[in-house]
Amino acid sequence: MKTNNLNEEELLSEGIEIRNIVAKINLNIELDLSYLNTQLPNSTYEPEKYPSLIFRPDNLPTILITNSGILLFTGGKSKESIYEAYQTVSRELENIGLPNTGDENEIEIQNVVSTLDLNCSLDLNLISVELGIENIEYEPEQFPGLIYRINDGPVALIFASGKIIITGGTSNQEIVNAANVVRDKTQK
């Protein structure tokens with residue numbers, strides 16, 4: 001897997017918890033989603049509602065399958081869960097006669113959603129002034145958190161409770177850097 005150096009233990013040591021990993025692999029083959037829907041257990045295909053087949057293996061991340069052969073994994077909490085979901089769908093596809101199910105080393109992480117708790121209350125009005133208007137969105141009547149777009153990095157959703165959601169990272173370095181920037185900017 002092209003993990004971009006994603007290491008769950010290192011993130012946990014920084015107080016960061018992974019909530020969702022989105023990853024993809026391109027099989028580079030055309031797929032008949034109507035046929036796959038009849039062959040894959042726990043799958044749903046309703047093209048009038050959603051253009052991809054939704055495959056939900058038991059206790060694993062959901063896999064969205066496109067007719068162009070892209071598999072999009074969502075709901076993973078670890079690299080291992082993505083691997084397991086890939087192995088499950090790969091086995092199912094091979095069982096119905098699809099020989100090219102890719103290689104797990106071709107799986108690319110697209111987005112990691114993680115959380116961090118600063119364990120203190122934050123004054124979002126003060127923080128919004130300190131961060132400057134060019135990198136933030138803060139409209140408390142619309143959304144209870146402050147949206148902070150870190151330069152060349154992920155987006156952090158900062159809440160008055162001290163809870164932070166970091167999204168858009170793909171590696172430990174990006175996620176830890178974002179957490180450190182938020183810590184630095186909010187705890188003065």
# chains A, B, ... in the order shown; residues from 1 in each chain; ligands from 1

call {"tool": "select_by_dssp", "arguments": {"residues": "region 5-167 of chain A", "states": "alpha helix (DSSP H)", "output": "PyMOL selection string"}}
result
chain A and resi 8-13+33-39+79-95+124-131

call {"tool": "residues_around", "arguments": {"residues": "Gly15 (chain A)", "least_positions_apart": "5", "cutoff": "12 Å", "atoms": "only C-alpha atoms", "output": "JSON, numbers by chain"}}
result
{"A": [8, 9, 10, 114, 115, 116, 117, 118, 119, 163, 164, 175, 176, 179, 180, 183]}

call {"tool": "write_last_selection", "arguments": {"atoms": "C-alpha atoms", "output": "PDB file, in the first residue's frame"}}
result
ATOM      1  CA  GLU A   8      -1.179   4.629  13.669  1.00  0.00           C
ATOM      2  CA  GLU A   9       1.001   4.084  16.775  1.00  0.00           C
ATOM      3  CA  GLU A  10       3.017   7.236  16.094  1.00  0.00           C
ATOM      4  CA  SER A 114      -8.308  12.152  12.613  1.00  0.00           C
ATOM      5  CA  THR A 115      -9.175  13.740  15.933  1.00  0.00           C
ATOM      6  CA  LEU A 116      -7.271  15.428  18.681  1.00  0.00           C
ATOM      7  CA  ASP A 117      -8.480  16.652  22.075  1.00  0.00           C
ATOM      8  CA  LEU A 118      -6.667  19.647  23.571  1.00  0.00           C
ATOM      9  CA  ASN A 119      -8.445  18.985  26.894  1.00  0.00           C
ATOM     10  CA  LYS A 163     -11.806  18.969  20.197  1.00  0.00           C
ATOM     11  CA  ILE A 164     -10.133  19.156  16.805  1.00  0.00           C
ATOM     12  CA  ILE A 175      -1.298  15.126  10.260  1.00  0.00           C
ATOM     13  CA  VAL A 176       1.230  15.704  13.079  1.00  0.00           C
ATOM     14  CA  ALA A 179      -1.907  19.077  15.020  1.00  0.00           C
ATOM     15  CA  ASN A 180       1.196  20.974  16.128  1.00  0.00           C
ATOM     16  CA  ARG A 183      -1.785  23.398  19.311  1.00  0.00           C
TER      17      ARG A 183
END

call {"tool": "residues_around", "arguments": {"residues": "Thr88 (chain A)", "least_positions_apart": "6", "cutoff": "12 Å", "atoms": "only C-alpha atoms", "output": "list in words"}}
result
Leu40, Pro41, Asn42, Phe55, Arg56, Pro57, Asp58, Asn59, Leu60, Pro61, Thr62, Ile63, Phe73, Ser81, Ile82, Glu94, Asn95, Thr101 and Glu104 of chain A

call {"tool": "residues_around", "arguments": {"residues": "Ile21 (chain A)", "least_positions_apart": "2", "cutoff": "9 Å", "atoms": "only C-alpha atoms", "output": "list in words"}}
result
Ile18, Arg19, Ala23, Pro61, Phe73, Thr74, Gly75, Gly76, Lys77, Ser78, Lys79, Ile82, Ile109, Gln110, Asn111, Val112, Val113, Ser114 and Thr170 of chain A

call {"tool": "write_last_selection", "arguments": {"atoms": "N, CA and C atoms", "output": "short mmCIF file (atom, residue, chain, number, x, y, z; two decimals), in the first residue's frame"}}
result
data_model
loop_
_atom_site.label_atom_id
_atom_site.label_comp_id
_atom_site.auth_asym_id
_atom_site.auth_seq_id
_atom_site.Cartn_x
_atom_site.Cartn_y
_atom_site.Cartn_z
N ILE A 18 -7.05 8.12 14.57
CA ILE A 18 -7.60 8.00 13.22
C ILE A 18 -9.08 7.62 13.34
N ARG A 19 -9.92 8.32 12.60
CA ARG A 19 -11.36 8.05 12.59
C ARG A 19 -11.82 7.46 11.26
N ALA A 23 -9.14 5.34 0.86
CA ALA A 23 -8.06 4.90 -0.02
C ALA A 23 -8.67 4.41 -1.33
N PRO A 61 -14.12 -1.92 6.13
CA PRO A 61 -14.50 -0.70 5.43
C PRO A 61 -15.40 -0.98 4.22
N PHE A 73 -12.15 2.76 -0.93
CA PHE A 73 -12.37 2.22 0.41
C PHE A 73 -12.67 3.38 1.34
N THR A 74 -13.69 3.23 2.15
CA THR A 74 -14.03 4.28 3.09
C THR A 74 -14.49 3.66 4.41
N GLY A 75 -14.15 4.33 5.50
CA GLY A 75 -14.55 3.84 6.81
C GLY A 75 -13.47 3.03 7.51
N GLY A 76 -12.28 3.00 6.94
CA GLY A 76 -11.18 2.28 7.58
C GLY A 76 -10.64 3.04 8.78
N LYS A 77 -10.28 2.32 9.82
CA LYS A 77 -9.68 2.95 11.00
C LYS A 77 -8.19 2.65 11.09
N SER A 78 -7.70 1.78 10.17
CA SER A 78 -6.28 1.43 10.16
C SER A 78 -5.91 0.96 8.76
N LYS A 79 -4.59 0.94 8.50
CA LYS A 79 -4.12 0.38 7.22
C LYS A 79 -4.54 -1.07 7.11
N ILE A 82 -7.99 -1.60 5.77
CA ILE A 82 -8.04 -1.37 4.32
C ILE A 82 -7.51 -2.60 3.59
N ILE A 109 -3.61 6.01 -0.26
CA ILE A 109 -4.41 6.73 0.72
C ILE A 109 -4.74 8.10 0.14
N GLN A 110 -6.03 8.44 0.16
CA GLN A 110 -6.51 9.70 -0.38
C GLN A 110 -6.77 10.74 0.70
N ASN A 111 -7.20 10.27 1.88
CA ASN A 111 -7.58 11.20 2.94
C ASN A 111 -7.62 10.44 4.26
N VAL A 112 -7.14 11.09 5.30
CA VAL A 112 -7.25 10.54 6.64
C VAL A 112 -7.97 11.58 7.49
N VAL A 113 -9.02 11.16 8.16
CA VAL A 113 -9.72 12.03 9.10
C VAL A 113 -9.30 11.57 10.49
N SER A 114 -8.78 12.50 11.27
CA SER A 114 -8.31 12.15 12.61
C SER A 114 -8.79 13.19 13.61
N THR A 170 -2.60 12.86 4.40
CA THR A 170 -2.38 11.53 3.83
C THR A 170 -1.16 10.85 4.45
#

call {"tool": "select_by_dssp", "arguments": {"residues": "region 27-179 of chain A", "states": "strand (DSSP E)", "output": "VMD selection string"}}
result
chain A and resid 43 to 44 53 to 55 62 to 65 70 to 76 108 to 117 136 to 137 145 to 149 155 to 159 163 to 169
